[in-house]
$ cat input_12.pdb   # PDB, C-alpha atoms
ATOM      1  CA  MET V   1     -11.939 -27.496  83.303  1.00  0.00           C
ATOM      2  CA  LEU V   2     -12.956 -27.282  79.648  1.00  0.00           C
ATOM      3  CA  SER V   3     -11.968 -30.097  77.302  1.00  0.00           C
ATOM      4  CA  GLU V   4      -9.005 -29.516  75.008  1.00  0.00           C
ATOM      5  CA  ASP V   5     -11.219 -29.904  71.902  1.00  0.00           C
ATOM      6  CA  PHE V   6     -13.609 -27.254  73.220  1.00  0.00           C
ATOM      7  CA  GLN V   7     -10.714 -24.899  73.985  1.00  0.00           C
ATOM      8  CA  ILE V   8      -9.346 -25.332  70.457  1.00  0.00           C
ATOM      9  CA  VAL V   9     -12.753 -24.667  68.868  1.00  0.00           C
ATOM     10  CA  ALA V  10     -13.285 -21.650  71.130  1.00  0.00           C
ATOM     11  CA  MET V  11      -9.898 -20.180  70.225  1.00  0.00           C
ATOM     12  CA  LYS V  12     -10.429 -20.733  66.499  1.00  0.00           C
ATOM     13  CA  THR V  13     -13.896 -19.172  66.688  1.00  0.00           C
ATOM     14  CA  PHE V  14     -12.490 -16.217  68.647  1.00  0.00           C
ATOM     15  CA  THR V  15      -9.760 -15.668  66.055  1.00  0.00           C
ATOM     16  CA  ILE V  16     -12.252 -15.787  63.174  1.00  0.00           C
ATOM     17  CA  MET V  17     -14.459 -13.316  65.012  1.00  0.00           C
ATOM     18  CA  LEU V  18     -11.482 -11.020  65.612  1.00  0.00           C
ATOM     19  CA  ALA V  19     -10.682 -11.046  61.902  1.00  0.00           C
ATOM     20  CA  LEU V  20     -14.327 -10.329  61.051  1.00  0.00           C
ATOM     21  CA  ILE V  21     -14.459  -7.526  63.645  1.00  0.00           C
ATOM     22  CA  LEU V  22     -11.412  -5.867  62.138  1.00  0.00           C
ATOM     23  CA  GLY V  23     -13.030  -6.119  58.724  1.00  0.00           C
ATOM     24  CA  SER V  24     -16.306  -4.767  60.101  1.00  0.00           C
ATOM     25  CA  LEU V  25     -14.566  -1.825  61.719  1.00  0.00           C
ATOM     26  CA  TYR V  26     -12.818  -1.036  58.455  1.00  0.00           C
ATOM     27  CA  SER V  27     -16.142  -0.838  56.638  1.00  0.00           C
ATOM     28  CA  THR V  28     -17.774   1.530  59.129  1.00  0.00           C
ATOM     29  CA  ASN V  29     -17.175   5.173  59.937  1.00  0.00           C
ATOM     30  CA  LEU V  30     -14.621   4.649  62.688  1.00  0.00           C
ATOM     31  CA  TYR V  31     -13.997   8.215  63.730  1.00  0.00           C
ATOM     32  CA  ALA V  32     -15.893  11.376  64.402  1.00  0.00           C
ATOM     33  CA  ASP V  33     -15.086  14.392  62.321  1.00  0.00           C
ATOM     34  CA  ASN V  34     -12.293  15.370  64.696  1.00  0.00           C
ATOM     35  CA  ARG V  35     -10.660  11.902  64.148  1.00  0.00           C
ATOM     36  CA  LYS V  36      -9.984  11.544  67.886  1.00  0.00           C
ATOM     37  CA  ARG V  37     -12.892   9.546  69.260  1.00  0.00           C
ATOM     38  CA  PRO V  38     -14.073   6.210  67.820  1.00  0.00           C
ATOM     39  CA  MET V  39     -17.640   6.139  66.547  1.00  0.00           C
ATOM     40  CA  ILE V  40     -18.410   2.410  66.747  1.00  0.00           C
ATOM     41  CA  ASP V  41     -21.951   1.179  67.247  1.00  0.00           C
ATOM     42  CA  ILE V  42     -21.389  -1.529  69.861  1.00  0.00           C
ATOM     43  CA  GLU V  43     -24.902  -2.947  69.506  1.00  0.00           C
ATOM     44  CA  GLN V  44     -24.558  -3.236  65.732  1.00  0.00           C
ATOM     45  CA  THR V  45     -21.107  -4.833  66.071  1.00  0.00           C
ATOM     46  CA  SER V  46     -22.419  -7.279  68.687  1.00  0.00           C
ATOM     47  CA  LYS V  47     -25.328  -8.244  66.425  1.00  0.00           C
ATOM     48  CA  ARG V  48     -22.979  -8.784  63.483  1.00  0.00           C
ATOM     49  CA  LEU V  49     -20.747 -11.023  65.575  1.00  0.00           C
ATOM     50  CA  GLN V  50     -23.716 -13.057  66.763  1.00  0.00           C
ATOM     51  CA  ASP V  51     -24.833 -13.446  63.152  1.00  0.00           C
ATOM     52  CA  HIS V  52     -21.345 -14.634  62.123  1.00  0.00           C
ATOM     53  CA  VAL V  53     -21.186 -17.167  64.970  1.00  0.00           C
ATOM     54  CA  LYS V  54     -24.635 -18.505  64.073  1.00  0.00           C
ATOM     55  CA  ALA V  55     -23.761 -18.719  60.372  1.00  0.00           C
ATOM     56  CA  LEU V  56     -20.559 -20.637  61.073  1.00  0.00           C
ATOM     57  CA  THR V  57     -21.757 -22.925  63.867  1.00  0.00           C
ATOM     58  CA  VAL V  58     -25.466 -23.456  63.197  1.00  0.00           C
ATOM     59  CA  ASN V  59     -26.121 -22.809  59.510  1.00  0.00           C
ATOM     60  CA  ILE V  60     -22.864 -24.321  58.225  1.00  0.00           C
ATOM     61  CA  GLY V  61     -21.909 -26.598  61.111  1.00  0.00           C
ATOM     62  CA  GLU V  62     -18.904 -28.886  61.115  1.00  0.00           C
ATOM     63  CA  ARG V  63     -16.082 -27.520  59.018  1.00  0.00           C
ATOM     64  CA  SER V  64     -13.616 -30.369  58.620  1.00  0.00           C
ATOM     65  CA  VAL V  65     -12.100 -32.400  55.787  1.00  0.00           C
ATOM     66  CA  HIS V  66     -14.766 -34.995  56.597  1.00  0.00           C
ATOM     67  CA  VAL V  67     -17.402 -32.527  55.372  1.00  0.00           C
ATOM     68  CA  PRO V  68     -15.617 -30.762  52.478  1.00  0.00           C
ATOM     69  CA  GLU V  69     -18.778 -29.072  51.217  1.00  0.00           C
ATOM     70  CA  ASN V  70     -18.953 -27.161  54.518  1.00  0.00           C
ATOM     71  CA  LEU V  71     -15.356 -26.008  54.090  1.00  0.00           C
ATOM     72  CA  LYS V  72     -16.361 -24.630  50.688  1.00  0.00           C
ATOM     73  CA  ARG V  73     -19.466 -22.982  52.164  1.00  0.00           C
ATOM     74  CA  THR V  74     -17.353 -21.413  54.919  1.00  0.00           C
ATOM     75  CA  ALA V  75     -14.737 -20.107  52.485  1.00  0.00           C
ATOM     76  CA  SER V  76     -17.528 -18.622  50.388  1.00  0.00           C
ATOM     77  CA  TYR V  77     -19.171 -17.078  53.470  1.00  0.00           C
ATOM     78  CA  ILE V  78     -15.934 -15.467  54.663  1.00  0.00           C
ATOM     79  CA  THR V  79     -15.049 -14.247  51.161  1.00  0.00           C
ATOM     80  CA  SER V  80     -18.465 -12.685  50.584  1.00  0.00           C
ATOM     81  CA  SER V  81     -18.446 -11.111  54.080  1.00  0.00           C
ATOM     82  CA  TYR V  82     -15.209  -9.298  53.307  1.00  0.00           C
ATOM     83  CA  LYS V  83     -16.305  -8.349  49.789  1.00  0.00           C
ATOM     84  CA  ASP V  84     -19.579  -6.951  51.173  1.00  0.00           C
ATOM     85  CA  MET V  85     -17.450  -4.681  53.390  1.00  0.00           C
ATOM     86  CA  GLY V  86     -15.412  -3.536  50.398  1.00  0.00           C
ATOM     87  CA  VAL V  87     -12.276  -5.363  51.542  1.00  0.00           C
ATOM     88  CA  SER V  88      -9.882  -6.806  48.978  1.00  0.00           C
ATOM     89  CA  VAL V  89      -9.932 -10.606  49.271  1.00  0.00           C
ATOM     90  CA  HIS V  90      -8.449 -13.567  47.419  1.00  0.00           C
ATOM     91  CA  SER V  91      -7.820 -17.243  48.074  1.00  0.00           C
ATOM     92  CA  GLN V  92      -4.778 -19.506  48.051  1.00  0.00           C
ATOM     93  CA  THR V  93      -5.752 -23.041  47.052  1.00  0.00           C
ATOM     94  CA  TYR V  94      -3.727 -26.043  48.131  1.00  0.00           C
ATOM     95  CA  SER V  95      -4.288 -29.782  48.674  1.00  0.00           C
ATOM     96  CA  TYR V  96      -4.735 -31.635  51.922  1.00  0.00           C
ATOM     97  CA  ALA V  97      -5.109 -35.416  51.613  1.00  0.00           C
ATOM     98  CA  ASP V  98      -5.986 -34.966  47.912  1.00  0.00           C
ATOM     99  CA  LEU V  99      -8.741 -32.517  48.863  1.00  0.00           C
ATOM    100  CA  PRO V 100      -8.556 -28.973  47.501  1.00  0.00           C
ATOM    101  CA  VAL V 101      -8.782 -26.511  50.389  1.00  0.00           C
ATOM    102  CA  GLU V 102      -8.013 -22.811  50.553  1.00  0.00           C
ATOM    103  CA  ASN V 103      -6.729 -19.975  52.637  1.00  0.00           C
ATOM    104  CA  ILE V 104      -8.792 -16.801  52.498  1.00  0.00           C
ATOM    105  CA  VAL V 105      -6.631 -13.676  52.438  1.00  0.00           C
ATOM    106  CA  ALA V 106      -8.147 -10.252  53.111  1.00  0.00           C
ATOM    107  CA  GLU V 107      -6.077  -7.103  53.095  1.00  0.00           C
ATOM    108  CA  ILE V 108      -7.093  -3.870  54.753  1.00  0.00           C
ATOM    109  CA  SER V 109      -4.996  -0.801  54.033  1.00  0.00           C
ATOM    110  CA  PHE V 110      -5.479   2.351  56.056  1.00  0.00           C
ATOM    111  CA  SER V 111      -2.804   4.238  54.149  1.00  0.00           C
ATOM    112  CA  PRO V 112      -0.757   3.730  50.987  1.00  0.00           C
ATOM    113  CA  ASN V 113       2.523   3.320  52.906  1.00  0.00           C
ATOM    114  CA  PRO V 114       1.735   2.098  56.422  1.00  0.00           C
ATOM    115  CA  GLN V 115       4.511   2.270  59.001  1.00  0.00           C
ATOM    116  CA  HIS V 116       3.135  -0.779  60.801  1.00  0.00           C
ATOM    117  CA  ARG V 117       1.579  -3.952  59.451  1.00  0.00           C
ATOM    118  CA  PHE V 118      -0.473  -6.476  61.371  1.00  0.00           C
ATOM    119  CA  LEU V 119      -1.143 -10.056  60.388  1.00  0.00           C
ATOM    120  CA  VAL V 120      -4.211 -11.762  61.825  1.00  0.00           C
ATOM    121  CA  GLY V 121      -4.629 -15.434  61.036  1.00  0.00           C
ATOM    122  CA  ALA V 122      -7.377 -17.894  61.792  1.00  0.00           C
ATOM    123  CA  HIS V 123      -8.429 -21.413  60.992  1.00  0.00           C
ATOM    124  CA  TYR V 124     -11.969 -21.663  59.712  1.00  0.00           C
ATOM    125  CA  ASP V 125     -12.071 -25.417  60.010  1.00  0.00           C
ATOM    126  CA  SER V 126     -13.357 -27.126  63.131  1.00  0.00           C
ATOM    127  CA  VAL V 127     -12.728 -30.374  64.930  1.00  0.00           C
ATOM    128  CA  THR V 128     -14.728 -33.382  63.767  1.00  0.00           C
ATOM    129  CA  GLY V 129     -18.207 -33.563  65.229  1.00  0.00           C
TER     130      GLY V 129
END
$ encode --input "input_12.pdb" --output "structure tokens"
Amino acid sequence: MLSEDFQIVAMKTFTIMLALILGSLYSTNLYADNRKRPMIDIEQTSKRLQDHVKALTVNIGERSVHVPENLKRTASYITSSYKDMGVSVHSQTYSYADLPVENIVAEISFSPNPQHRFLVGAHYDSVTG
């Protein structure tokens, strides 16, 4: 059985990847001209996800309040990833243990007045270590 810490990290990483996938899909041509069949390049999407995982886990590393500079680097990475896709993004800054931290909020609109709204949330911090 996997350790609880590993399960938490895996779930957080999965949720971040889901949010990035949704953003990636928004920025690509999702449908063929007839708007019935998705036109998603699975290989390109897989490569992008691998790049995101490497950036977050290898290049940035631990993302906890014990390494606040990595939290800042992660927030910047996520913000620029969404901006590069043309997605509207802003941050909500707040304090945790006298440390300024932030939520990154990206909004994707597929129509001016959508009948359904979906909220996807994710932690971008990690457990210590």
$ closest_residue --input "input_12.pdb" --among "V:Ile108, V:Ile42, V:Val89, V:Leu56" --to "V:Tyr124" --atoms "all atoms listed in the file"
V:Leu56
$ resolve_selection --input "input_12.pdb" --expression "the PyMOL selection byres ((chain V and resi 70-84) around 9)" --output "ChimeraX atom specification"
/V:20,23-24,27,55-56,60-65,67-69,85-91,101-106,124-125
$ atom_distance --input "input_12.pdb" --atom1 "atom CA of V:Thr45" --atom2 "atom CA of V:Ile16"
14.4 Å
$ closest_residue --input "input_12.pdb" --among "V:Ile40, V:Gly121, V:Ser95, V:Val127" --to "V:Thr57" --atoms "all atoms listed in the file"
V:Val127
$ atom_distance --input "input_12.pdb" --atom1 "atom CA of V:Lys47" --atom2 "atom CA of V:His123"
22.1 Å
$ atom_distance --input "input_12.pdb" --atom1 "atom CA of V:Ala97" --atom2 "atom CA of V:Ser126"
16.4 Å
$ axis_aligned_box --input "input_12.pdb" --around "stretch 111-118 of chain V" --padding-each-side "8 Å" --output "AutoDock Vina command-line options"
--center_x 0.9 --center_y -1.1 --center_z 56.2 --size_x 23.3 --size_y 26.7 --size_z 26.4
$ closest_residue --input "input_12.pdb" --among "V:Phe118, V:Lys54, V:Leu99, V:Asp41" --to "V:His66" --atoms "only C-alpha atoms"
V:Leu99
$ build_atoms --input "input_12.pdb" --residues "stretch 55-66 of chain V" --atoms "all heavy atoms" --output "CSV table (one decimal), in the frame of the given file"
chain,number,residue,atom,x,y,z
V,55,ALA,N,-24.0,-18.2,61.7
V,55,ALA,CA,-23.8,-18.7,60.4
V,55,ALA,C,-22.7,-19.8,60.3
V,55,ALA,O,-22.9,-20.9,59.7
V,55,ALA,CB,-23.3,-17.6,59.5
V,56,LEU,N,-21.6,-19.6,61.1
V,56,LEU,CA,-20.6,-20.6,61.1
V,56,LEU,C,-20.9,-21.9,61.9
V,56,LEU,O,-20.5,-23.0,61.4
V,56,LEU,CB,-19.3,-20.0,61.6
V,56,LEU,CG,-18.6,-18.9,60.8
V,56,LEU,CD1,-17.6,-18.2,61.5
V,56,LEU,CD2,-18.1,-19.5,59.5
V,57,THR,N,-21.5,-21.8,63.0
V,57,THR,CA,-21.8,-22.9,63.9
V,57,THR,C,-23.1,-23.6,63.7
V,57,THR,O,-23.2,-24.8,63.8
V,57,THR,CB,-21.6,-22.5,65.3
V,57,THR,OG1,-22.6,-21.5,65.7
V,57,THR,CG2,-20.2,-22.0,65.6
V,58,VAL,N,-24.1,-22.9,63.3
V,58,VAL,CA,-25.5,-23.5,63.2
V,58,VAL,C,-25.8,-23.7,61.7
V,58,VAL,O,-26.1,-24.8,61.3
V,58,VAL,CB,-26.5,-22.6,63.8
V,58,VAL,CG1,-27.9,-23.1,63.6
V,58,VAL,CG2,-26.3,-22.4,65.3
V,59,ASN,N,-25.7,-22.7,60.9
V,59,ASN,CA,-26.1,-22.8,59.5
V,59,ASN,C,-25.2,-23.7,58.7
V,59,ASN,O,-25.6,-24.5,57.9
V,59,ASN,CB,-26.2,-21.4,58.8
V,59,ASN,CG,-27.2,-20.5,59.5
V,59,ASN,OD1,-28.1,-21.0,60.3
V,59,ASN,ND2,-27.2,-19.3,59.2
V,60,ILE,N,-23.8,-23.5,59.0
V,60,ILE,CA,-22.9,-24.3,58.2
V,60,ILE,C,-22.5,-25.6,59.0
V,60,ILE,O,-22.5,-26.7,58.5
V,60,ILE,CB,-21.6,-23.5,57.9
V,60,ILE,CG1,-22.0,-22.4,56.9
V,60,ILE,CG2,-20.5,-24.4,57.3
V,60,ILE,CD1,-20.9,-21.4,56.6
V,61,GLY,N,-22.2,-25.4,60.3
V,61,GLY,CA,-21.9,-26.6,61.1
V,61,GLY,C,-20.5,-27.0,61.0
V,61,GLY,O,-19.6,-26.2,60.9
V,62,GLU,N,-20.3,-28.3,61.1
V,62,GLU,CA,-18.9,-28.9,61.1
V,62,GLU,C,-18.1,-28.5,59.9
V,62,GLU,O,-18.6,-28.6,58.8
V,62,GLU,CB,-19.0,-30.4,61.2
V,62,GLU,CG,-17.6,-31.1,61.2
V,62,GLU,CD,-17.6,-32.6,61.2
V,62,GLU,OE1,-18.6,-33.2,61.7
V,62,GLU,OE2,-16.6,-33.2,60.8
V,63,ARG,N,-16.9,-28.0,60.1
V,63,ARG,CA,-16.1,-27.5,59.0
V,63,ARG,C,-14.8,-28.3,59.1
V,63,ARG,O,-13.7,-27.8,59.5
V,63,ARG,CB,-15.8,-26.0,59.2
V,63,ARG,CG,-17.1,-25.2,59.1
V,63,ARG,CD,-17.0,-23.8,59.5
V,63,ARG,NE,-16.2,-23.5,60.7
V,63,ARG,CZ,-16.7,-23.5,62.0
V,63,ARG,NH1,-18.0,-23.9,62.2
V,63,ARG,NH2,-15.9,-23.2,63.0
V,64,SER,N,-14.8,-29.5,58.6
V,64,SER,CA,-13.6,-30.4,58.6
V,64,SER,C,-13.5,-31.0,57.3
V,64,SER,O,-14.4,-31.0,56.4
V,64,SER,CB,-13.7,-31.4,59.7
V,64,SER,OG,-14.6,-32.5,59.3
V,65,VAL,N,-12.3,-31.7,57.1
V,65,VAL,CA,-12.1,-32.4,55.8
V,65,VAL,C,-13.1,-33.6,55.6
V,65,VAL,O,-13.2,-34.1,54.5
V,65,VAL,CB,-10.6,-32.9,55.7
V,65,VAL,CG1,-9.7,-31.7,55.5
V,65,VAL,CG2,-10.3,-33.8,56.8
V,66,HIS,N,-13.8,-33.9,56.7
V,66,HIS,CA,-14.8,-35.0,56.6
V,66,HIS,C,-16.1,-34.5,56.0
V,66,HIS,O,-16.9,-35.3,55.6
V,66,HIS,CB,-15.0,-35.6,58.0
V,66,HIS,CG,-13.8,-36.2,58.6
V,66,HIS,ND1,-13.2,-37.3,58.1
V,66,HIS,CD2,-13.0,-35.8,59.6
V,66,HIS,CE1,-12.1,-37.6,58.8
V,66,HIS,NE2,-12.0,-36.7,59.7
